[in-house]
>>> print(open('structure25.txt').read())   # compact mmCIF, C-alpha atoms
# COMPACT_ATOMS: atom_id res chain seq x y z
CA MET G 1 97.79 133.72 110.32
CA THR G 2 99.43 130.77 112.06
CA ALA G 3 103.07 129.73 111.97
CA ALA G 4 104.57 129.60 108.49
CA LYS G 5 105.67 125.97 108.88
CA ILE G 6 102.92 123.36 109.02
CA THR G 7 102.98 119.62 109.60
CA VAL G 8 100.22 117.39 108.24
CA ALA G 9 99.62 113.98 109.81
CA GLY G 10 98.06 111.59 107.29
CA GLY G 11 98.33 111.08 103.54
CA GLY G 12 94.69 110.39 102.72
CA ILE G 13 92.26 112.66 100.92
CA ALA G 14 92.02 115.28 103.67
CA GLY G 15 95.76 115.37 104.34
CA LEU G 16 96.85 115.61 100.73
CA ALA G 17 94.20 118.19 99.90
CA VAL G 18 95.08 120.52 102.78
CA ALA G 19 98.80 120.11 102.07
CA ALA G 20 98.30 121.06 98.43
CA ALA G 21 96.00 123.98 99.28
CA LEU G 22 98.49 125.43 101.77
CA ALA G 23 101.58 124.87 99.63
CA GLN G 24 99.86 126.56 96.69
CA ARG G 25 99.46 129.57 99.01
CA GLY G 26 103.18 129.64 99.68
CA VAL G 27 103.22 127.85 103.04
CA SER G 28 105.99 125.39 103.93
CA VAL G 29 104.30 122.02 104.48
CA THR G 30 105.64 118.63 105.54
CA LEU G 31 103.26 115.66 105.29
CA HIS G 32 103.86 112.48 107.27
CA GLU G 33 102.21 109.20 106.24
CA ARG G 34 102.50 106.09 108.40
CA ALA G 35 102.45 103.67 105.43
CA THR G 36 105.64 102.92 103.52
CA ALA G 37 104.10 104.52 100.43
CA LEU G 38 101.19 106.83 99.80
CA ARG G 39 98.08 104.68 99.78
CA THR G 40 96.37 104.27 96.42
CA GLN G 41 94.31 101.22 97.29
CA GLY G 42 90.60 101.22 97.90
CA ALA G 43 87.49 101.04 95.80
CA GLY G 44 85.31 103.67 94.19
CA LEU G 45 83.91 106.91 95.48
CA GLN G 46 81.53 109.60 94.32
CA ILE G 47 82.48 113.26 94.13
CA SER G 48 79.54 115.65 94.22
CA PRO G 49 79.66 119.28 93.05
CA ASN G 50 80.63 120.64 96.46
CA GLY G 51 83.75 118.46 96.48
CA ALA G 52 84.48 118.89 92.78
CA ARG G 53 84.68 122.67 93.22
CA VAL G 54 87.55 122.20 95.66
CA LEU G 55 89.40 119.95 93.23
CA ALA G 56 88.90 122.53 90.48
CA ALA G 57 90.25 125.27 92.76
CA LEU G 58 93.33 123.09 93.37
CA GLY G 59 93.90 122.97 89.60
CA LEU G 60 92.64 119.40 89.24
CA GLY G 61 89.40 119.98 87.32
CA ALA G 62 90.72 118.63 84.02
CA LYS G 63 92.32 115.58 85.63
CA LEU G 64 89.11 114.85 87.50
CA ARG G 65 87.17 114.80 84.23
CA GLU G 66 89.78 112.60 82.56
CA ASN G 67 89.77 110.00 85.34
CA SER G 68 86.08 109.77 86.16
CA ILE G 69 82.63 109.03 84.80
CA GLN G 70 79.98 111.70 85.02
CA SER G 71 76.88 110.42 86.80
CA GLN G 72 73.61 111.06 85.02
CA ALA G 73 71.18 109.97 87.72
CA VAL G 74 70.45 108.36 91.06
CA VAL G 75 68.13 105.39 90.59
CA PRO G 76 66.38 104.00 93.71
CA THR G 77 65.48 100.40 92.85
CA ASP G 78 63.37 97.70 94.47
CA GLY G 79 66.02 95.12 95.22
CA LEU G 80 63.46 92.31 95.44
CA THR G 81 61.94 92.85 91.99
CA GLY G 82 64.76 94.65 90.19
CA ARG G 83 62.38 97.40 89.02
CA ALA G 84 63.43 101.03 89.30
CA VAL G 85 61.24 102.89 91.78
CA THR G 86 62.10 106.24 90.21
CA ARG G 87 64.99 108.10 88.61
CA PHE G 88 66.43 111.37 89.86
CA ASP G 89 68.13 113.28 87.06
CA LEU G 90 71.50 114.87 87.80
CA SER G 91 71.89 116.56 84.43
CA ARG G 92 71.48 120.10 85.73
CA HIS G 93 74.78 119.62 87.56
CA ARG G 94 76.83 119.18 84.39
CA GLU G 95 79.78 121.27 85.56
CA PRO G 96 81.39 120.30 87.83
CA GLY G 97 78.61 117.76 88.35
CA PHE G 98 78.59 114.39 90.06
CA VAL G 99 81.42 112.04 89.10
CA MET G 100 82.44 108.48 89.94
CA LEU G 101 86.07 107.40 90.11
CA HIS G 102 88.54 105.13 91.82
CA ARG G 103 89.81 106.35 95.17
CA GLY G 104 93.38 105.57 94.12
CA ASP G 105 93.09 107.90 91.13
CA LEU G 106 91.89 110.74 93.35
CA LEU G 107 94.79 110.18 95.77
CA GLU G 108 97.27 110.20 92.91
CA MET G 109 95.84 113.50 91.65
CA LEU G 110 96.09 115.10 95.08
CA ALA G 111 99.59 113.70 95.64
CA GLY G 112 100.70 115.15 92.31
CA ALA G 113 99.27 118.55 93.19
CA SER G 114 101.06 118.42 96.55
CA ARG G 115 104.41 117.51 94.99
CA ASP G 116 104.06 120.16 92.31
CA ALA G 117 103.40 122.77 95.00
CA GLY G 118 106.50 121.75 96.96
CA VAL G 119 105.07 119.67 99.81
CA ASP G 120 107.71 117.56 101.54
CA MET G 121 106.10 114.11 101.82
CA VAL G 122 107.62 111.63 104.28
CA THR G 123 106.37 108.03 104.24
CA ASP G 124 106.86 105.29 106.83
CA SER G 125 106.53 108.07 109.38
CA PRO G 126 103.62 107.69 111.82
CA MET G 127 102.84 110.94 113.59
CA THR G 128 101.74 110.93 117.22
CA PRO G 129 101.46 113.62 119.89
CA GLU G 130 104.82 112.38 121.21
CA THR G 131 106.59 112.71 117.84
CA ALA G 132 104.87 115.86 116.59
CA PRO G 133 107.11 118.92 116.08
CA ALA G 134 107.24 121.28 119.03
CA GLU G 135 106.76 124.32 116.79
CA GLY G 136 104.29 125.20 114.10
CA ALA G 137 100.77 123.94 113.45
CA LEU G 138 99.85 120.27 113.34
CA LEU G 139 96.98 119.33 111.03
CA ALA G 140 95.58 115.96 112.08
CA ALA G 141 94.21 114.25 108.99
CA ASP G 142 95.02 110.82 110.36
CA GLY G 143 91.60 109.32 109.90
CA LEU G 144 89.11 107.33 111.89
CA HIS G 145 91.60 106.21 114.53
CA SER G 146 93.29 109.57 114.87
CA ALA G 147 96.07 109.82 117.43
CA PHE G 148 95.22 113.49 117.97
CA ARG G 149 91.43 113.49 118.35
CA PRO G 150 91.60 111.94 121.86
CA LEU G 151 94.10 114.62 122.84
CA LEU G 152 91.45 117.28 122.17
CA ASN G 153 88.27 115.34 122.95
CA GLY G 154 89.03 112.33 125.12
CA LEU G 155 88.60 108.75 123.96
CA GLY G 156 84.91 108.96 123.05
CA LYS G 157 82.49 106.06 122.81
CA PRO G 158 81.68 105.01 119.24
CA PHE G 159 78.88 102.46 119.04
CA PHE G 160 78.04 99.69 116.61
CA THR G 161 75.10 100.70 114.42
CA GLY G 162 73.89 97.13 113.90
CA GLN G 163 75.07 97.25 110.29
CA VAL G 164 78.00 95.82 108.38
CA ALA G 165 79.14 96.69 104.88
CA TRP G 166 80.98 94.83 102.14
CA ARG G 167 83.00 96.67 99.52
CA ALA G 168 84.07 95.19 96.20
CA VAL G 169 84.94 96.07 92.62
CA VAL G 170 84.04 93.78 89.72
CA ALA G 171 84.58 93.84 85.98
CA GLY G 172 81.59 94.94 83.96
CA ASP G 173 79.72 97.76 82.31
CA ALA G 174 76.84 99.71 83.78
CA PRO G 175 74.91 102.86 82.86
CA PRO G 176 76.50 106.10 84.11
CA GLU G 177 74.35 106.34 87.21
CA ALA G 178 74.32 105.36 90.87
CA ARG G 179 71.78 102.62 91.59
CA ILE G 180 70.46 102.04 95.11
CA TRP G 181 69.05 98.51 95.46
CA MET G 182 66.74 98.64 98.49
CA LEU G 183 65.64 95.52 100.40
CA PRO G 184 64.24 94.99 103.90
CA GLY G 185 67.14 95.32 106.30
CA ARG G 186 69.69 95.65 103.49
CA HIS G 187 70.76 97.69 100.50
CA VAL G 188 73.40 97.77 97.77
CA VAL G 189 74.82 100.79 95.98
CA SER G 190 76.43 100.13 92.61
CA TYR G 191 77.94 102.45 90.03
CA PRO G 192 80.49 102.25 87.18
CA LEU G 193 84.14 103.19 87.39
CA PRO G 194 86.55 104.01 84.56
CA GLY G 195 88.19 101.01 82.94
CA GLY G 196 85.13 98.78 82.73
CA LYS G 197 84.63 98.29 86.46
CA ILE G 198 81.63 98.44 88.78
CA ASN G 199 81.90 99.55 92.40
CA ILE G 200 79.73 97.74 94.95
CA VAL G 201 78.91 98.64 98.55
CA ALA G 202 76.47 96.23 100.22
CA VAL G 203 75.05 96.91 103.69
CA GLN G 204 73.22 94.47 105.97
CA GLU G 205 71.63 94.92 109.37
CA ARG G 206 72.73 92.28 111.87
CA THR G 207 73.50 91.83 115.54
CA GLU G 208 76.96 90.33 115.02
CA TRP G 209 79.44 93.12 114.73
CA ALA G 210 82.55 93.26 112.60
CA ASP G 211 85.73 95.22 113.27
CA GLU G 212 85.71 98.85 112.24
CA GLY G 213 87.70 99.73 109.14
CA TRP G 214 87.25 98.60 105.56
CA SER G 215 90.33 96.45 104.99
CA HIS G 216 89.11 93.20 106.61
CA GLU G 217 88.87 90.39 104.08
CA ASP G 218 85.71 88.28 103.92
CA GLU G 219 84.32 85.47 101.79
CA PRO G 220 82.19 86.63 98.82
CA ARG G 221 79.72 83.84 99.59
CA HIS G 222 78.80 85.55 102.86
CA MET G 223 77.73 88.69 101.04
CA GLN G 224 75.98 86.71 98.33
CA ALA G 225 74.05 84.69 100.92
CA ALA G 226 72.84 87.90 102.56
CA PHE G 227 71.16 88.84 99.26
CA ALA G 228 70.05 85.38 98.16
CA ASP G 229 66.44 86.56 97.79
CA ALA G 230 67.33 89.61 95.72
CA ALA G 231 66.23 90.19 92.14
CA GLU G 232 68.17 88.27 89.53
CA PRO G 233 70.09 91.31 88.16
CA LEU G 234 71.44 92.10 91.63
CA ARG G 235 72.30 88.46 92.37
CA ALA G 236 74.10 88.28 89.01
CA LEU G 237 76.12 91.37 89.86
CA LEU G 238 77.10 90.04 93.28
CA SER G 239 78.02 86.66 91.80
CA LYS G 240 80.90 88.37 89.98
CA VAL G 241 82.61 89.29 93.25
CA GLU G 242 85.83 87.33 93.73
CA SER G 243 87.28 89.28 96.66
CA VAL G 244 85.53 91.48 99.17
CA ASN G 245 86.25 93.52 102.28
CA LEU G 246 83.90 93.71 105.26
CA TRP G 247 83.66 96.35 107.93
CA GLY G 248 81.43 97.13 110.85
CA LEU G 249 79.69 100.50 110.76
CA PHE G 250 80.19 102.46 113.96
CA ARG G 251 78.68 105.82 114.81
CA HIS G 252 81.12 108.45 116.04
CA GLU G 253 79.96 111.82 117.26
CA VAL G 254 81.25 114.90 115.51
CA ALA G 255 84.18 116.10 117.60
CA GLU G 256 83.33 118.83 120.07
CA THR G 257 86.78 120.40 119.78
CA TRP G 258 88.49 120.71 116.41
CA VAL G 259 91.18 123.25 117.29
CA GLU G 260 93.40 123.54 120.33
CA ASP G 261 97.01 124.65 120.89
CA ASP G 262 97.86 124.74 117.17
CA ILE G 263 96.38 121.26 116.59
CA TYR G 264 93.60 121.13 113.97
CA LEU G 265 91.39 118.14 113.16
CA LEU G 266 89.95 117.56 109.70
CA GLY G 267 88.28 114.82 107.70
CA ASP G 268 87.50 111.57 109.50
CA ALA G 269 89.63 112.65 112.45
CA ALA G 270 86.98 115.29 113.19
CA HIS G 271 83.81 113.70 111.83
CA PRO G 272 83.75 110.05 110.70
CA THR G 273 80.82 109.63 108.32
CA LEU G 274 78.64 106.61 107.57
CA PRO G 275 78.57 105.77 103.84
CA PHE G 276 74.90 106.61 103.17
CA LEU G 277 75.20 109.98 101.45
CA ALA G 278 78.54 109.60 99.62
CA GLN G 279 79.97 112.64 101.43
CA GLY G 280 83.04 111.38 103.29
CA ALA G 281 85.53 112.45 100.62
CA ASN G 282 83.58 115.59 99.76
CA LEU G 283 83.45 116.84 103.35
CA ALA G 284 87.18 116.14 103.70
CA LEU G 285 87.90 118.24 100.61
CA GLU G 286 85.76 121.06 101.98
CA ASP G 287 87.56 120.90 105.33
CA ALA G 288 90.93 121.09 103.60
CA TRP G 289 90.10 124.20 101.61
CA VAL G 290 88.47 126.05 104.50
CA LEU G 291 91.30 125.20 106.92
CA ALA G 292 93.96 126.34 104.44
CA ARG G 293 92.13 129.63 103.98
CA CYS G 294 91.65 130.16 107.73
CA LEU G 295 95.33 129.47 108.44
CA THR G 296 96.52 131.93 105.79
CA GLU G 297 93.81 134.59 105.81
CA GLY G 298 92.19 134.23 109.22
CA GLY G 299 88.84 132.82 110.27
CA ASP G 300 87.26 130.43 112.74
CA TYR G 301 87.68 127.04 111.07
CA GLN G 302 85.53 125.06 113.50
CA ALA G 303 82.71 127.61 113.50
CA ILE G 304 82.64 127.58 109.71
CA ARG G 305 82.62 123.81 109.36
CA GLN G 306 81.01 122.12 112.35
CA ARG G 307 77.33 122.93 111.78
CA ARG G 308 77.42 122.04 108.07
CA VAL G 309 79.24 118.77 108.70
CA SER G 310 76.79 117.83 111.45
CA ARG G 311 73.85 118.44 109.11
CA ALA G 312 75.38 116.27 106.38
CA ILE G 313 76.07 113.43 108.79
CA ALA G 314 72.50 113.60 110.12
CA ALA G 315 71.22 113.28 106.55
CA ALA G 316 73.43 110.26 105.96
CA ASN G 317 72.20 108.63 109.16
CA ALA G 318 68.59 109.10 108.02
CA ASN G 319 69.32 107.29 104.74
CA ALA G 320 70.54 104.29 106.72
CA VAL G 321 66.94 103.85 107.89
CA ASN G 322 65.12 104.78 104.69
CA TYR G 323 66.98 102.29 102.50
CA HIS G 324 66.08 99.32 104.74
CA LEU G 325 62.35 99.67 105.30
CA GLY G 326 60.09 96.62 105.22
CA GLY G 327 56.37 95.86 105.10
CA PHE G 328 53.88 98.70 104.89
CA ARG G 329 56.51 101.38 105.51
CA ARG G 330 58.52 100.08 102.55
CA ALA G 331 55.51 100.14 100.23
CA ALA G 332 54.57 103.63 101.38
CA SER G 333 58.11 104.90 100.95
CA HIS G 334 58.39 103.51 97.42
CA ALA G 335 55.02 105.00 96.51
CA ALA G 336 56.20 108.38 97.79
CA LEU G 337 59.43 108.13 95.78
CA ARG G 338 57.47 107.29 92.64
CA GLY G 339 55.23 110.28 93.23
CA ILE G 340 58.16 112.61 93.68
CA GLY G 341 59.83 111.29 90.55
CA ARG G 342 56.68 111.72 88.49
CA PHE G 343 55.16 114.95 89.77
CA ALA G 344 58.09 116.81 91.35
CA PRO G 345 61.24 115.47 89.66
CA ASN G 346 63.38 118.35 90.90
CA ALA G 347 62.31 118.01 94.52
CA PHE G 348 64.96 115.41 95.37
CA MET G 349 67.84 117.61 94.24
CA SER G 350 66.23 120.75 95.65
CA ARG G 351 65.99 119.10 99.06
CA LEU G 352 69.77 118.66 99.02
CA SER G 353 70.68 121.93 97.33
CA TRP G 354 72.14 123.15 100.64
CA LEU G 355 74.68 120.34 100.35
CA TYR G 356 75.52 120.15 96.66
CA ASP G 357 75.30 123.84 95.70
CA HIS G 358 77.59 125.00 98.48
CA ASP G 359 80.93 126.40 97.33
CA VAL G 360 83.62 126.74 100.00
CA THR G 361 86.09 128.18 97.45
CA ARG G 362 84.20 131.46 97.04
>>> encode(input="structure25.txt", output="structure tokens")
Amino acid sequence: MTAAKITVAGGGIAGLAVAAALAQRGVSVTLHERATALRTQGAGLQISPNGARVLAALGLGAKLRENSIQSQAVVPTDGLTGRAVTRFDLSRHREPGFVMLHRGDLLEMLAGASRDAGVDMVTDSPMTPETAPAEGALLAADGLHSAFRPLLNGLGKPFFTGQVAWRAVVAGDAPPEARIWMLPGRHVVSYPLPGGKINIVAVQERTEWADEGWSHEDEPRHMQAAFADAAEPLRALLSKVESVNLWGLFRHEVAETWVEDDIYLLGDAAHPTLPFLAQGANLALEDAWVLARCLTEGGDYQAIRQRRVSRAIAAANANAVNYHLGGFRRAASHAALRGIGRFAPNAFMSRLSWLYDHDVTR
């Protein structure tokens, strides 16, 4: 077991989750967040069963159900015609299942659990290697631009993937399912959020890069123009967007070193993830639970987590290609999806059972 006093850098999903998990185990935890208040902004996210199990173990299962919509299916759709290619049923994962919610609601849940467990949360307090406490463990959950990852791994060389993404939320109703609108060189993921909202993430391949990070404002007309040839239902959905954020998608390698001299990396600080498998938040929740257990009961945190995280990120990277196919490869891919949906409807979920059925809380 490490030192009884622990400092967490970062008040996002990973930081709040690990703080709550440790404090519930009786550890003294101080969390430092650089913003003047805990961040509750952002759009929607999807929590799959592997992440939901961590939230349930933190005592947040009921609140998760109250503040989310249970997803019934994943629906790959031809974005040019608007016709569903197939439908993958998620009903066998009823509890805890796949849910869709606003990121701010998840952060509020985790912040409440942290406060209830006695975490000392300090805002307007950026944590750097120079300001970190000299004693105790430092858990770096400070995100994509972590101040601590370079200390353990050097600066690294992320590279632009040739893709940009827009993120928006609009008013409207939609079936309780995640729809993937696939077009040559582009795709859109849309799904409902509580309160009569629809979350939109639209991705386009292009040579012009945009800054990394999802808080850069852009004009809705730019996104709408990128999908001007889409099916009418998709164009109608995108026409509702009044404000949108744009970010460039950069590939970062999974960190080689996660633990050194009582510094521990977790979440995006250890393994930034492209948004093509909806696992960023889920992997962060898994990290938090495993790290809390290793710090209090013993265990090799990096050895437990690194291979699984690398596999999930590789699967997400593959989706970035599959969603954007054109020509013959697109037709062949859609035909294969239709065949799977018709003759082997459970194959899609079975292929990812290693991801969704995993339970780090056992």
>>> atom_distance(input="structure25.txt", atom1="CA of Ile263 (chain G)", atom2="CA of Ala134 (chain G)")
11.1 Å
>>> atom_distance(input="structure25.txt", atom1="CA of Ser71 (chain G)", atom2="CA of Ser190 (chain G)")
11.8 Å
>>> atom_distance(input="structure25.txt", atom1="CA of Gly280 (chain G)", atom2="CA of Ala43 (chain G)")
13.5 Å
>>> residues_around(input="structure25.txt", residues="region 106-123 of chain G", least_positions_apart="4", cutoff="7 Å", atoms="all atoms listed in the file", output="count of residues only")
20
>>> closest_residue(input="structure25.txt", among="G:Thr131, G:Asn199, G:Ser239, G:Asn245", to="His216 (chain G)", atoms="all atoms listed in the file")
G:Asn245
>>> residues_around(input="structure25.txt", residues="Gly341 (chain G)", least_positions_apart="5", cutoff="12 Å", atoms="all atoms listed in the file", output="JSON, numbers by chain")
{"G": [73, 74, 75, 76, 84, 85, 86, 87, 88, 89, 334, 335, 336, 346, 347, 348, 349]}
>>> closest_residue(input="structure25.txt", among="G:Arg338, G:Arg206, G:Arg221, G:Lys63", to="Leu249 (chain G)", atoms="all atoms listed in the file")
G:Arg206
>>> closest_residue(input="structure25.txt", among="G:Lys157, G:Arg25, G:Arg342, G:Arg235", to="Thr81 (chain G)", atoms="all atoms listed in the file")
G:Arg235
>>> closest_residue(input="structure25.txt", among="G:Ala236, G:Ile6, G:Ala14, G:Ala178", to="Asp142 (chain G)", atoms="all atoms listed in the file")
G:Ala14
>>> closest_residue(input="structure25.txt", among="G:Ala168, G:Leu277, G:Ala292, G:Ala270", to="Thr257 (chain G)", atoms="all atoms listed in the file")
G:Ala270
>>> residues_around(input="structure25.txt", residues="Pro96 (chain G)", least_positions_apart="5", cutoff="10 Å", atoms="only C-alpha atoms", output="PyMOL selection string")
chain G and resi 47-53+55-56+61+64-65+70
>>> write_last_selection(input="structure25.txt", atoms="C-alpha atoms", output="CSV table (one decimal), in the frame of the given file")
chain,number,residue,atom,x,y,z
G,47,ILE,CA,82.5,113.3,94.1
G,48,SER,CA,79.5,115.6,94.2
G,49,PRO,CA,79.7,119.3,93.0
G,50,ASN,CA,80.6,120.6,96.5
G,51,GLY,CA,83.8,118.5,96.5
G,52,ALA,CA,84.5,118.9,92.8
G,53,ARG,CA,84.7,122.7,93.2
G,55,LEU,CA,89.4,120.0,93.2
G,56,ALA,CA,88.9,122.5,90.5
G,61,GLY,CA,89.4,120.0,87.3
G,64,LEU,CA,89.1,114.8,87.5
G,65,ARG,CA,87.2,114.8,84.2
G,70,GLN,CA,80.0,111.7,85.0
>>> residues_around(input="structure25.txt", residues="Met223 (chain G)", least_positions_apart="4", cutoff="8 Å", atoms="all atoms listed in the file", output="PDB file with C-alpha atoms, in the coordinates of the input")
ATOM      1  CA  TRP G 166      80.980  94.830 102.140  1.00  0.00           C
ATOM      2  CA  ALA G 202      76.470  96.230 100.220  1.00  0.00           C
ATOM      3  CA  GLU G 219      84.320  85.470 101.790  1.00  0.00           C
ATOM      4  CA  PHE G 227      71.160  88.840  99.260  1.00  0.00           C
ATOM      5  CA  LEU G 238      77.100  90.040  93.280  1.00  0.00           C
TER       6      LEU G 238
END
